[in-house]
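Below is one structure, written out as structure tokens, with a few remarks after it.
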Amino acid sequence: MSLNTNFMKNMVRYLTVFKLLASLLSSKEERSIRWRFYFAESLVVATIILNVLTPIVYGRVIDILKISHPVAIVAALLISYGLVWTLSQTLVQIRGIIAFKVVRRIIRKLSLKLFSHLHNLSLRYHLDRKTGAITTSIDRIDYSVTAIFWHILFYLLPTIIEVFIIQIILMRYFEWYYAAILTLGIVAFIGFTLLCARWDTKRLQLANEAGNETGSTAVDSLLNYETVKYFNNENHEQERYDKALAAHESANVKSDITFESVNLGQNFIVGVTLTCMTLVAGLNVSYGNLTVGDFVALNAYLIRITTPLAFLGYVIRELKNAVTNFDDIIKIINETPEVQNKTGVGKINISQGAVDFKNVNFAFDTDRFALKNISFSIQPGKSLAIVGQSGSGKSTLMRLLLRLFNIQSGEILIDGQDISKTSQESVRNNIAVVPQDTILFNDSIYYNIAYAKPSATQEEVTRAAKAAHIHEYITQLPEGYKTIVGERGLKLSGGEKQRIAIARAILKQSKIYIFDEATSSLDSRTESEIQKNIIEISQGITTIIIAHRLSTVIHANKIIVMDKGEIAEAGTHDELLNRDGIYAKLWHQQVTKSNLQESLSLLVSQK
């Protein structure tokens with residue numbers, strides 16, 4: 001890649017970041033924040049003017065001190081110098097005080113924008129993405145926004161403007177060759193920096209990628225804490241994490257060495273420029289072409305420029321790091337949700353809860369269909385069980401009904417309405433799900449039940465808990481409904497978590513229930529109790545039961561058997577047994593004599 005192409009590519013990256021940050025302050029609600037920003041930038045301009053005036057005043061003070069002048073004039077000049085310097089420093093601090101709120105508001109809005117977008121992205125994205133890498137990107141927002149805001153708006157741009165003004169002063173009040181020496185030094189500095197930019201940026205990107213991998217490894221291991229303990233694999237996890245840390249260490253060392261090498265070259269260029277300017281100015285003083293005050297002023301201007309230049313290597317490095325971090329952030333923001341509402345769609349109106357799948361085909365990949373020509377109907381208030389071996393497509397049907405994926409062809413209707421032509425939010429608002437793996441928030445039991453309806457009253461939450469037969473258990477706990485359930489609900493048993501999930505579904509008061517392997521991980525007694533609970537609460541409500549264990553679905557009005565993404569059989573429990581097909585084979589494989597009798601008695605009681 002040529003130097004010019006690399007430069008243009010980086011410019012596009014910077015402009016993309018600026019456009020994103022500017023958009024965060026474009027709304028009417030942020031008018032006061034925008035005015036804060038404008039005021040802070042006006043103080044930047046005022047500071048530049050004062051900084052440019054300071055060396056002139058200082059030079060005049062030096063010259064006046066060499067000649068006898070009235071004390072009042074000398075004092076006035078000395079005070080003026082002090083006031084100019086003090087005012088410039090004061091404005092810097094005031095600028096910071098004003099700008100702090102602007103920076104923090106941008107960080108807040110960008111973090112919320114990224115967080116909201118992640119929730120709007122489709123399930124496929126999250127299945128393919130590592131959580132640790134995402135959280136690392138979110139964590140870097142604070143640093144990245146602060147670095148870009150302060151280094152560009154309050155350092156880099158003011159420095160460029162100041163250099164331009166000083167160049168004019170050097171040519172107007174001194175000699176052209178001072179400006180020429182300074183220009184050559186700046187051009188050499190920028191050229192060297194751009195020449196090394198690709199090398200440095202590449203090392204920095206590799207270091208960030210290694211950092212993402214390290215964060216992902218740590219989060220993955222801690223989320224699976226119990227599994228680590230079950231297999232006594234603490235040492236294995238330490239080795240895996242240390243391997244990621246070693247890669248991160250190596251990448252950072254290479255990146256740091258690259259930075260210091262570039263910085264060394266930059267400082268050499270600044271040093272040569274400083275030496276040449278000082279030498280020429282000193283010779284002109286000795287020849288009588290400059291006063292000592294002129295030399296001091298010229299030297300002050302030189303320091304005003306070379307000091308930022310010497311620091312510029314660090315600033316550029318920080319900006320590269322910030323923009324590199326933004327590459328990940330912008331990549332996430334630019335990710336298009338797979339499932340989107342069509343233009344102008346309205347909310348679905350569900351009054352009965354009838355569900356129809358008509359010739360539905362779905363593929364995770366273009367060459368691999370997960371569901372083929374699926375058609376079935378559920379009458380309002382009836383129950384449908386979906387059974388089959390693992391990987392047969394049972395849970396995929398649920399995800400399609402919830403619009404977590406788009407189908408390739410066919411229709412999915414609820415009360416005669418094609419769900420693809422209604423808002424996905426309204427579809428999900430009318431369906432309550434009890435998942436196989438109930439992962440609760442690390443909050444109170446009350447919060448987790450009320451999550452289905454955050455505005456619910458205590459009475460509504462209690463009523464839902466009673467219907468799920470979990471209220472009595474909760475009231476026996478020392479903290480009652482305020483009991484914290486722990487990370488992913490680890491402080492509760494499987495049955496307790498499932499009952500809370502059922503209570504949450506009841507609170508939603510939906511027309512359609514989905515129970516996705518809701519009892520598969522429970523012991524037989526708890527499974528039987530929760531199964532009775534499910535039957536009880538789903539009376540008169542359209543219910544879909546996804547199950548691997550057939551003993552949990554014999555009461556269903558209709559059972560469909562999935563096999564390799566297709567409906568292999570359909571009918572009632574008795575009909576499927578009499579057919580002596582896949583269902584009958586699965587039944588005889590799963591059910592022993594004792595639990596068969598238990599299941600039959602349950603069937604009789606329901607009939």
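Following the order of the structure tokens, chains are lettered A, B, ..., residues in each are numbered from 1, and ligands are numbered from 1.
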Shell of 10 Å around Asn208 of chain A, only C-alpha atoms, local chain residues under 2 positions omitted, as a VMD selection string: chain A and resid 136 to 137 202 to 206 210 to 214 248 251 to 252 255 321 324 to 325 328
Keeping only C-alpha atoms, write the selected residues to a file as an mmCIF file, in the first residue's frame.
data_model
loop_
_atom_site.group_PDB
_atom_site.id
_atom_site.type_symbol
_atom_site.label_atom_id
_atom_site.label_comp_id
_atom_site.auth_asym_id
_atom_site.auth_seq_id
_atom_site.Cartn_x
_atom_site.Cartn_y
_atom_site.Cartn_z
ATOM 1 C CA THR A 136 -13.929 -5.082 25.792
ATOM 2 C CA SER A 137 -15.131 -2.784 22.992
ATOM 3 C CA LYS A 202 -0.449 -2.568 12.358
ATOM 4 C CA ARG A 203 1.393 -3.364 15.588
ATOM 5 C CA LEU A 204 -1.240 -1.437 17.543
ATOM 6 C CA GLN A 205 -4.101 -3.336 15.884
ATOM 7 C CA LEU A 206 -2.458 -6.670 16.679
ATOM 8 C CA ALA A 210 -4.755 -9.784 21.451
ATOM 9 C CA GLY A 211 -6.428 -7.706 24.175
ATOM 10 C CA ASN A 212 -9.874 -8.648 22.855
ATOM 11 C CA GLU A 213 -8.916 -12.319 22.882
ATOM 12 C CA THR A 214 -7.631 -12.032 26.452
ATOM 13 C CA HIS A 248 -1.134 -9.930 24.524
ATOM 14 C CA ALA A 251 1.960 -7.892 20.921
ATOM 15 C CA ASN A 252 2.156 -4.993 23.381
ATOM 16 C CA SER A 255 3.861 -2.208 19.747
ATOM 17 C CA ASN A 321 -5.100 3.706 19.513
ATOM 18 C CA THR A 324 -8.288 1.603 16.223
ATOM 19 C CA ASN A 325 -10.645 1.010 19.142
ATOM 20 C CA ASP A 328 -14.447 -2.284 16.457
#
Taking the DSSP secondary structure from the backbone, can you list the residues of segment 482-560 of chain A that are helix (DSSP H, G or I), as JSON, numbers by chain? {"A": [482, 487, 488, 489, 494, 495, 496, 497, 498, 499, 500, 501, 502, 503, 504, 505, 506, 507, 508, 524, 525, 526, 527, 528, 529, 530, 531, 532, 533, 534, 535, 536, 537, 550, 551, 552]}
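Nearest residue to Trp150 of chain A among A:Val296, A:Glu318, A:Met11, A:Ser42 is A:Glu318, counting only C-alpha atoms.
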Counting only C-alpha atoms, give me one row per residue of segment 287-322 of chain A with an atom at most 10 Å from an atom of segment 175-198 of chain A, showing the shortest contact pair and its distance in Å to one decimal, sorted by chain then residue number, as JSON lines.
{"residue": "A:Leu298", "atom": "CA", "partner": "A:Tyr178", "partner_atom": "CA", "distance": 9.0}
{"residue": "A:Leu302", "atom": "CA", "partner": "A:Leu182", "partner_atom": "CA", "distance": 8.3}
{"residue": "A:Ile305", "atom": "CA", "partner": "A:Leu182", "partner_atom": "CA", "distance": 8.8}
{"residue": "A:Thr306", "atom": "CA", "partner": "A:Ile186", "partner_atom": "CA", "distance": 9.2}
{"residue": "A:Leu309", "atom": "CA", "partner": "A:Phe189", "partner_atom": "CA", "distance": 8.2}
{"residue": "A:Ala310", "atom": "CA", "partner": "A:Phe189", "partner_atom": "CA", "distance": 9.6}
{"residue": "A:Leu312", "atom": "CA", "partner": "A:Phe189", "partner_atom": "CA", "distance": 9.6}
{"residue": "A:Gly313", "atom": "CA", "partner": "A:Thr193", "partner_atom": "CA", "distance": 7.9}
{"residue": "A:Ile316", "atom": "CA", "partner": "A:Thr193", "partner_atom": "CA", "distance": 8.8}
{"residue": "A:Arg317", "atom": "CA", "partner": "A:Ala197", "partner_atom": "CA", "distance": 9.3}
{"residue": "A:Lys320", "atom": "CA", "partner": "A:Ala197", "partner_atom": "CA", "distance": 8.9}
Hey, what's within 10 Å of Lys482 of chain A if we count only C-alpha atoms and toss same-chain stuff fewer than 6 positions away? As a list in words, please? Asp443, Ser444, Ile445, Tyr446, Tyr447, Ile474 and Thr475 of chain A
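Distance-wise, atom CA of Ala432 of chain A and atom CA of Ala505 of chain A end up 5.1 Å apart.
Excluding segment 370-384 of chain A itself and any same-chain residue fewer than 4 positions from it, the protein and nucleic acid residues within 7 Å of it, counting only C-alpha atoms, are A:Gln352, A:Gly353, A:Ala354, A:Val355, A:Asp356, A:Phe357, A:Lys358, A:Asn359, A:Val360, A:Asn361, A:Phe362, A:Ala363, A:Phe364, A:Gly393, A:Gly540, A:Ile541, A:Thr542, A:Thr543, A:Ile544, A:Ile545, A:Ala556, A:Asn557, A:Lys558, A:Ile559, A:Gly565, A:Glu566, A:Ile567.
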Generate a file of the selected residues that holds C-alpha atoms, formatted as a tab-separated table (two decimals), in the first residue's frame.
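As written to disk, part.tsv reads:
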chain	number	residue	atom	x	y	z
A	352	GLN	CA	-57.37	-15.82	19.83
A	353	GLY	CA	-53.85	-17.18	19.49
A	354	ALA	CA	-54.24	-19.37	16.39
A	355	VAL	CA	-50.84	-20.28	14.89
A	356	ASP	CA	-50.22	-21.46	11.32
A	357	PHE	CA	-46.98	-22.50	9.65
A	358	LYS	CA	-47.43	-22.72	5.87
A	359	ASN	CA	-44.71	-24.33	3.76
A	360	VAL	CA	-41.94	-22.77	5.86
A	361	ASN	CA	-38.35	-23.25	4.74
A	362	PHE	CA	-35.39	-21.98	6.72
A	363	ALA	CA	-31.63	-22.27	6.36
A	364	PHE	CA	-28.83	-21.12	8.64
A	393	GLY	CA	-35.28	-28.40	14.31
A	540	GLY	CA	-57.48	-22.32	27.37
A	541	ILE	CA	-54.25	-20.70	26.11
A	542	THR	CA	-52.50	-21.65	22.89
A	543	THR	CA	-49.48	-23.63	24.06
A	544	ILE	CA	-46.43	-24.96	22.25
A	545	ILE	CA	-44.38	-27.52	24.13
A	556	ALA	CA	-51.02	-32.36	24.18
A	557	ASN	CA	-53.94	-32.00	21.76
A	558	LYS	CA	-51.54	-32.65	18.90
A	559	ILE	CA	-47.96	-33.87	18.62
A	565	GLY	CA	-35.79	-30.60	9.65
A	566	GLU	CA	-39.05	-32.11	8.41
A	567	ILE	CA	-42.33	-33.18	9.99
Excluding Thr135 of chain A and any residue of its chain fewer than 3 positions from it, enumerate the residues within 12 Å of it, using only C-alpha atoms, and give them as a list in words. Ser111, Leu114, Phe115, Leu118, Arg129, Lys130, Thr131, Gly132, Ile138, Asp139, Arg140, Ile141, Gly211, Asn212, Glu213, Thr214, Gly215, Ser216, Thr217, Ala218, Val219, Asp220, Asp328, Ile329 and Ile332 of chain A
Report, in Å with one decimal, the straight-line distance from atom CA of Gln389 of chain A to atom CA of Ala568 of chain A. 11.7 Å
I want to know what sits within 7 Å of Ala322 of chain A, based on only C-alpha atoms, with residues of the same chain fewer than 4 positions away left out; could you give that as a PyMOL selection string? chain A and resi 144+147-148+318+326
Deliver the residues from the most recent selection as a file, using N, CA and C atoms, as a compact mmCIF listing (two decimals), in the first residue's frame.
# COMPACT_ATOMS: atom_id res chain seq x y z
N SER A 144 -11.40 6.01 24.51
CA SER A 144 -11.30 6.40 23.11
C SER A 144 -11.92 7.77 22.85
N ALA A 147 -9.73 10.46 24.51
CA ALA A 147 -8.48 10.68 23.77
C ALA A 147 -8.72 11.50 22.52
N ILE A 148 -9.74 11.15 21.75
CA ILE A 148 -10.02 11.87 20.50
C ILE A 148 -10.43 13.31 20.79
N GLU A 318 -1.75 7.97 20.73
CA GLU A 318 -3.01 7.86 21.46
C GLU A 318 -4.20 7.93 20.50
N PHE A 326 -12.09 2.46 17.86
CA PHE A 326 -13.35 2.84 17.21
C PHE A 326 -13.65 1.96 16.01
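All residues of segment 412-556 of chain A that DSSP, run on the backbone, classes as strand (DSSP E or B) are A:Ile412, A:Leu413, A:Ile414, A:Gln417, A:Asp418, A:Thr422, A:Ile431, A:Ala432, A:Val433, A:Val434, A:Ser444, A:Ile484, A:Ile512, A:Tyr513, A:Ile514, A:Phe515, A:Asp516, A:Thr542, A:Thr543, A:Ile544, A:Ile545, A:Ile546, A:Ala547.
We find atom CA of Leu25 of chain A and atom CA of Thr343 of chain A to be spaced 26.7 Å apart.
Every protein, DNA or RNA residue with an atom at most 9 Å from Ile330 of chain A, where only C-alpha atoms count and chain neighbours fewer than 3 positions away do not, is listed here: Thr16, Val17, Leu20, Leu114, Asn325, Phe326, Asp327, Ile333, Asn334 and Glu335 of chain A.
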Those same residues - N, CA and C atoms - I'd like them written as an mmCIF file, in the first residue's frame.
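Contents of the output file selection_15.cif:
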data_model
loop_
_atom_site.group_PDB
_atom_site.id
_atom_site.type_symbol
_atom_site.label_atom_id
_atom_site.label_comp_id
_atom_site.auth_asym_id
_atom_site.auth_seq_id
_atom_site.Cartn_x
_atom_site.Cartn_y
_atom_site.Cartn_z
ATOM 1 N N THR A 16 -14.828 9.243 9.700
ATOM 2 C CA THR A 16 -15.940 8.384 10.124
ATOM 3 C C THR A 16 -16.187 8.517 11.624
ATOM 4 N N VAL A 17 -15.090 8.563 12.385
ATOM 5 C CA VAL A 17 -15.209 8.722 13.842
ATOM 6 C C VAL A 17 -15.809 10.083 14.176
ATOM 7 N N LEU A 20 -19.503 10.186 13.510
ATOM 8 C CA LEU A 20 -20.245 9.461 14.538
ATOM 9 C C LEU A 20 -20.391 10.302 15.791
ATOM 10 N N LEU A 114 -24.377 1.945 21.420
ATOM 11 C CA LEU A 114 -23.781 0.636 21.153
ATOM 12 C C LEU A 114 -24.551 -0.468 21.871
ATOM 13 N N ASN A 325 -9.556 1.494 18.297
ATOM 14 C CA ASN A 325 -10.645 1.010 19.142
ATOM 15 C C ASN A 325 -11.997 1.295 18.489
ATOM 16 N N PHE A 326 -12.095 2.461 17.864
ATOM 17 C CA PHE A 326 -13.347 2.840 17.214
ATOM 18 C C PHE A 326 -13.648 1.957 16.013
ATOM 19 N N ASP A 327 -12.623 1.360 15.425
ATOM 20 C CA ASP A 327 -12.860 0.436 14.302
ATOM 21 C C ASP A 327 -13.813 -0.673 14.733
ATOM 22 N N ILE A 333 -21.660 -1.009 15.199
ATOM 23 C CA ILE A 333 -22.763 -0.090 14.905
ATOM 24 C C ILE A 333 -23.235 -0.239 13.461
ATOM 25 N N ASN A 334 -22.294 -0.516 12.565
ATOM 26 C CA ASN A 334 -22.647 -0.669 11.145
ATOM 27 C C ASN A 334 -23.216 -2.040 10.814
ATOM 28 N N GLU A 335 -23.186 -2.928 11.798
ATOM 29 C CA GLU A 335 -23.754 -4.267 11.579
ATOM 30 C C GLU A 335 -25.270 -4.145 11.403
#
Can you list every residue of segment 216-334 of chain A that has an atom at most 12 Å from segment 162-171 of chain A, with its nearest atom pair and the distance in Å to one decimal, using only C-alpha atoms, ordered by chain then number, as JSON lines?
{"residue": "A:Met277", "atom": "CA", "partner": "A:Leu170", "partner_atom": "CA", "distance": 11.5}
{"residue": "A:Ala281", "atom": "CA", "partner": "A:Leu170", "partner_atom": "CA", "distance": 11.7}
{"residue": "A:Asp294", "atom": "CA", "partner": "A:Leu170", "partner_atom": "CA", "distance": 10.8}
{"residue": "A:Phe295", "atom": "CA", "partner": "A:Leu170", "partner_atom": "CA", "distance": 11.8}
{"residue": "A:Ala297", "atom": "CA", "partner": "A:Leu170", "partner_atom": "CA", "distance": 10.3}
{"residue": "A:Leu298", "atom": "CA", "partner": "A:Leu170", "partner_atom": "CA", "distance": 8.0}
{"residue": "A:Asn299", "atom": "CA", "partner": "A:Leu170", "partner_atom": "CA", "distance": 11.3}
{"residue": "A:Ala300", "atom": "CA", "partner": "A:Ile166", "partner_atom": "CA", "distance": 10.7}
{"residue": "A:Tyr301", "atom": "CA", "partner": "A:Ile166", "partner_atom": "CA", "distance": 7.1}
{"residue": "A:Leu302", "atom": "CA", "partner": "A:Ile166", "partner_atom": "CA", "distance": 9.0}
{"residue": "A:Ile303", "atom": "CA", "partner": "A:Val163", "partner_atom": "CA", "distance": 11.2}
{"residue": "A:Arg304", "atom": "CA", "partner": "A:Val163", "partner_atom": "CA", "distance": 8.5}
{"residue": "A:Ile305", "atom": "CA", "partner": "A:Val163", "partner_atom": "CA", "distance": 6.4}
{"residue": "A:Thr306", "atom": "CA", "partner": "A:Val163", "partner_atom": "CA", "distance": 9.8}
{"residue": "A:Thr307", "atom": "CA", "partner": "A:Val163", "partner_atom": "CA", "distance": 11.6}
{"residue": "A:Pro308", "atom": "CA", "partner": "A:Val163", "partner_atom": "CA", "distance": 9.9}
{"residue": "A:Leu309", "atom": "CA", "partner": "A:Val163", "partner_atom": "CA", "distance": 10.2}
Nearest residue to Leu15 of chain A from the set A:Leu77, A:Ile94, A:Val323, A:Ile64 (distances using only C-alpha atoms): A:Val323
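You can rank A:Val285, A:Ile106, A:Leu50, A:Ile439 by their closest distance to Leu490 of chain A using only C-alpha atoms, and at the top of that list sits A:Ile439.
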